[in-house]
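Student: If you scroll down you'll find the structure; I have some questions about it.
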Amino acid sequence: MTPKIELLAPGGDIDAIKAAIIAGADAVYCGLDTFNARNRAANISFDELVGVIRLAHHYDCKIFLTLNIVILEREFKPLVKLLSRLANTTLDGVIVQDLGLLYVLNEYFPSLDIHASTQLTTHSVGQIPFLKRFGVSRVNLSRELNLREITAMASAGREHDVLTEVFVHGSLCIAFSGLCYSTSASAGNSGNRGRCSQACREEYETTPSGNNFPLNIKDNSAFFDLPKLIDAGVHSFKVEGRIKGAGYVHTVIDSFRKQIDGFVATGELLEDGERLYKVFNRDFSNAFLRGDLNQSMFIENPRDNSKSYAIEQSNAISVVEIQEVEQTLGDEKEQINVDVSEKIKHLSIEKISLRIKFSGSVGRPLSITCVTQAYIPGSLSPEEKTVTLQSQGVLVAAKENCIDQSAIEKRFNSFNNASFDLIALESDGVEEGVSIPFKELSRLKRELHAVLTNNTPVYAEVTLPKLARHRKNEDVSAGSGASESAANPAKLSILICDDTDLDLSHVTDADIYFKLPDAYKRGCTKYVDFFNENPNLIPWFPAVLIGKDFDVALNILEQVKPPLIVTNNTGIANRAFELGIKWIAGPFLNTTNSYSLLAMKEYFDCAGAFISNEISQQQMKSIARPENFKLFYSIYHPILLMTSRQCFFQQSVGCEKPRIDNGCMLSCDKSTSITNVKGASFAIDKQKAGYPSIYNSDQFLNMAIISELSDLFDGFMIDLTNIGSGGKEMPDKATLIKQFEHLLNEQGSSAAYETAQATINDMVIESTNTQYHKGL
């Protein structure tokens, strides 16, 4: 028997949501005008959300709300107010990226179902139990996974009672979601805050391989892969498109609905998918799903490809023939919009109107008659219902505390809310000078609410307890105590990735992190021996570890059992916790608030965390340190813009290999640069056993933080890995270390500090710390 497959649709505005519902979506995800990762979508208001939920539930369709951005400290107060309101709706789930928000939801809002956003970059089986600890019920998997990897993830999900969903149609990011900082660093528009400016769709100067859109890839579509995904154990098929219109959403969802239902009924795929080309597309690829990352994934047209497809299919050659094809397609698109508008025009999300009448006299019960009017989907006129309630006691004559219009309004005006439109409160039927215990009036109010909301529980508004702010502590490495020491100066640490840099340990007593690669030869034991021979090195685990690479990284952790690690991967963090290994959250976990720190400390015994380089000085100041917890910050590093599983060289300088494979991952170490039409250049770099990456032309260099926030941080890191320089000569590492040590020792108070600062500026010619001042 084929399991129930959920078809999950995008809803960027009310019409798109209605279109998804009427097309047969099992669930729709949408966002409010705040706290969601598609701020370019129209989005909806809270009152509209309540109406949408009511409409969707009439069609047995669920509504999920996107709260999928990183959260700043100052936003938790209004966010918790929103969550308190959401808890008193029948919302079916919230989609979340931020670990602090996951913590708050799990601790204080048990009635809200939690889904992990694709922004959490979930790509390995070890991340499932990490998210389960936060109460997550489902996970949206990274779009880069192939069918074998998805199958393993779905199996891990079932083991931990976590549902899995995959994107089956719509736009693809070339970068790993949640790990793209391209527009954050270059334009101040963070993808982690829903403000992606789509640098990957930009036009660039013609590359040596003859391309002007070298980062632009086709849209994703698994339209003909649904049986394989069903066999893989996936629960939800998710369609991307919250900035698309109702016509697009209806066409895509209706096509997938028919394809799924046809396959379930017959075991065959009955739809040809041609309708998908009638609406916006960049052509389609299922290469990630197939694990075949080839050049055919790219397309030179970042805009709508439907016209080009129609012309190609028609074999039109002459100008007249092409114009006819274009006109026909335009007419078909217009007809799609007309048809969808006709189908959804009677779907109402208007509030239920209430007219409440009160009546009663001495010696008789107080009677409440509530008349509701609500539009039933598809009907032209509202449906009217009447509810009558009576008090348990009788009215008595009184001169004080009488039941009058003001007393009634005081207690019943709250029915004028996101769910109901209170037309009238009528008290003319109540005899003057009568009273009833006000607790009885409150009971009637609760009973009426229960009747009107089908006994939906009422949850009190949550107020988060005040966070304790703790002082800096001693070293968290093995064997050291954790005594409080506010005067303990921030310590320098360095990050390297090449064993030729091991000699740097002779010129500094700084902690040395050694960056492990993204990919390994199967069963590789090289790094187990390496760390056992160099016990002073602190392993640094990367953010992305897929499939066998995660298994190898896990083996390194389990075999070496170092006293301390830094990890940017939540699966490694979870296993370190299980093994009792102290761990520090790396900068690519996007930590921007106190609750993320608290979550990692309380749930996983985390020893410390790097604060995100995306946030500003002022935003950092408000963060509260948990007890016995260390804070770190990278003050010098190449600015990573994006990392991809796809190859950046195929469309830039060209590559003799038609596709990227494991051999490419382990052996390629190319570098080049691309320049957009605005004149900005970016370095493309690939370390051996690393993913292709793009870096800013500037290095990040923030010396100001040393004098301004040294009391907040326990350590400042400089990244000395040989990446992201764009062909520029790397400064002498030993000299650079010494100058940074001078900065930390002098703390901005002497001529020696100024000399060190000037020397560093001379050594690092192109640098920026704009994010430190601008923030999110």
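Each chain in the structure tokens gets a letter, A, B and so on, in the order shown; residues start at 1 in every chain, and ligands are counted from 1 in the order they appear.
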Within stretch 158-285 of chain A, find each residue whose DSSP state, derived from the backbone, is strand (DSSP E), and express the selection as a PyMOL selection string.
Tutor: chain A and resi 163-170+219-221+236-239+284-285
Student: Using only C-alpha atoms, determine which residues lie at most 6 Å from A:Gly11, disregarding the query and same-chain residues fewer than 4 positions distant; provide the list as number ranges by chain.
Tutor: A: 16-17, 29-30, 242
Student: Atom CA of A:Gly429 and atom CA of A:Ser442 are how many Å apart?
Tutor: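 For atom CA of A:Gly429 relative to atom CA of A:Ser442, the distance reads 19.1 Å.
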Student: Quick one: residues within 8 Å of A:Asn702, only C-alpha atoms counted, chain neighbours fewer than 5 positions away excluded, as a list in words?
Tutor: Ile635, Tyr636, Thr768, Asn769 and Tyr772 of chain A
Student: Using C-alpha atoms, can you export the residues from the last selection as a PDB file, in the first residue's frame?
Tutor:
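Saved to result05.pdb:
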ATOM      1  CA  ILE A 635      38.324  38.988  13.405  1.00  0.00           C
ATOM      2  CA  TYR A 636      40.241  38.050  10.258  1.00  0.00           C
ATOM      3  CA  THR A 768      36.385  45.384   5.166  1.00  0.00           C
ATOM      4  CA  ASN A 769      34.418  45.192   8.409  1.00  0.00           C
ATOM      5  CA  TYR A 772      30.325  44.816  12.059  1.00  0.00           C
TER       6      TYR A 772
END
Student: Pick from A:Cys668, A:Leu545, A:Met642, A:Ile512: nearest to A:Gly715, with only C-alpha atoms counted?
Tutor: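 Distance minimum relative to A:Gly715 lands on A:Ile512.
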Student: Name the residues in contact with A:Phe256 at a cut-off of 9 Å, using only C-alpha atoms, excluding same-chain residues fewer than 2 positions from it; report them as a ChimeraX atom specification.
Tutor: /A:7,223,251-254,258-261,271,273
Student: Using only C-alpha atoms, determine which residues lie at most 9 Å from A:Ala56, disregarding the query and same-chain residues fewer than 2 positions distant; provide the list as a PyMOL selection string.
Tutor: chain A and resi 17-18+21+27-28+51-54+58-63
Student: Pick out the residues sitting within 9 Å of A:Glu766, and hand them over as a list in words; count only C-alpha atoms, and ignore anything fewer than 2 positions along from it in its own chain.
Tutor: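 In the requested form, the answer reads Ser697, Asp698, Gln699, Phe700, Asn761, Val764 and Thr768 of chain A.
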Student: Take the residues just selected and output them with N, CA and C atoms as a CSV table (one decimal), in the first residue's frame.
Tutor:
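The resulting file, selection12.csv, is reproduced below:
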chain,number,residue,atom,x,y,z
A,697,SER,N,36.3,39.8,-2.7
A,697,SER,CA,37.6,40.2,-3.1
A,697,SER,C,38.3,40.8,-1.8
A,698,ASP,N,37.6,41.3,-0.9
A,698,ASP,CA,38.1,41.8,0.4
A,698,ASP,C,38.2,40.7,1.4
A,699,GLN,N,39.2,40.8,2.3
A,699,GLN,CA,39.3,40.0,3.5
A,699,GLN,C,38.5,40.7,4.6
A,700,PHE,N,37.9,39.9,5.5
A,700,PHE,CA,37.2,40.5,6.7
A,700,PHE,C,38.3,40.8,7.7
A,761,ASN,N,47.2,46.6,8.7
A,761,ASN,CA,46.6,47.3,7.6
A,761,ASN,C,47.5,47.3,6.3
A,764,VAL,N,47.4,43.6,5.1
A,764,VAL,CA,46.1,43.1,4.5
A,764,VAL,C,45.6,44.3,3.7
A,768,THR,N,37.6,44.7,4.8
A,768,THR,CA,36.4,45.4,5.2
A,768,THR,C,35.9,44.8,6.5
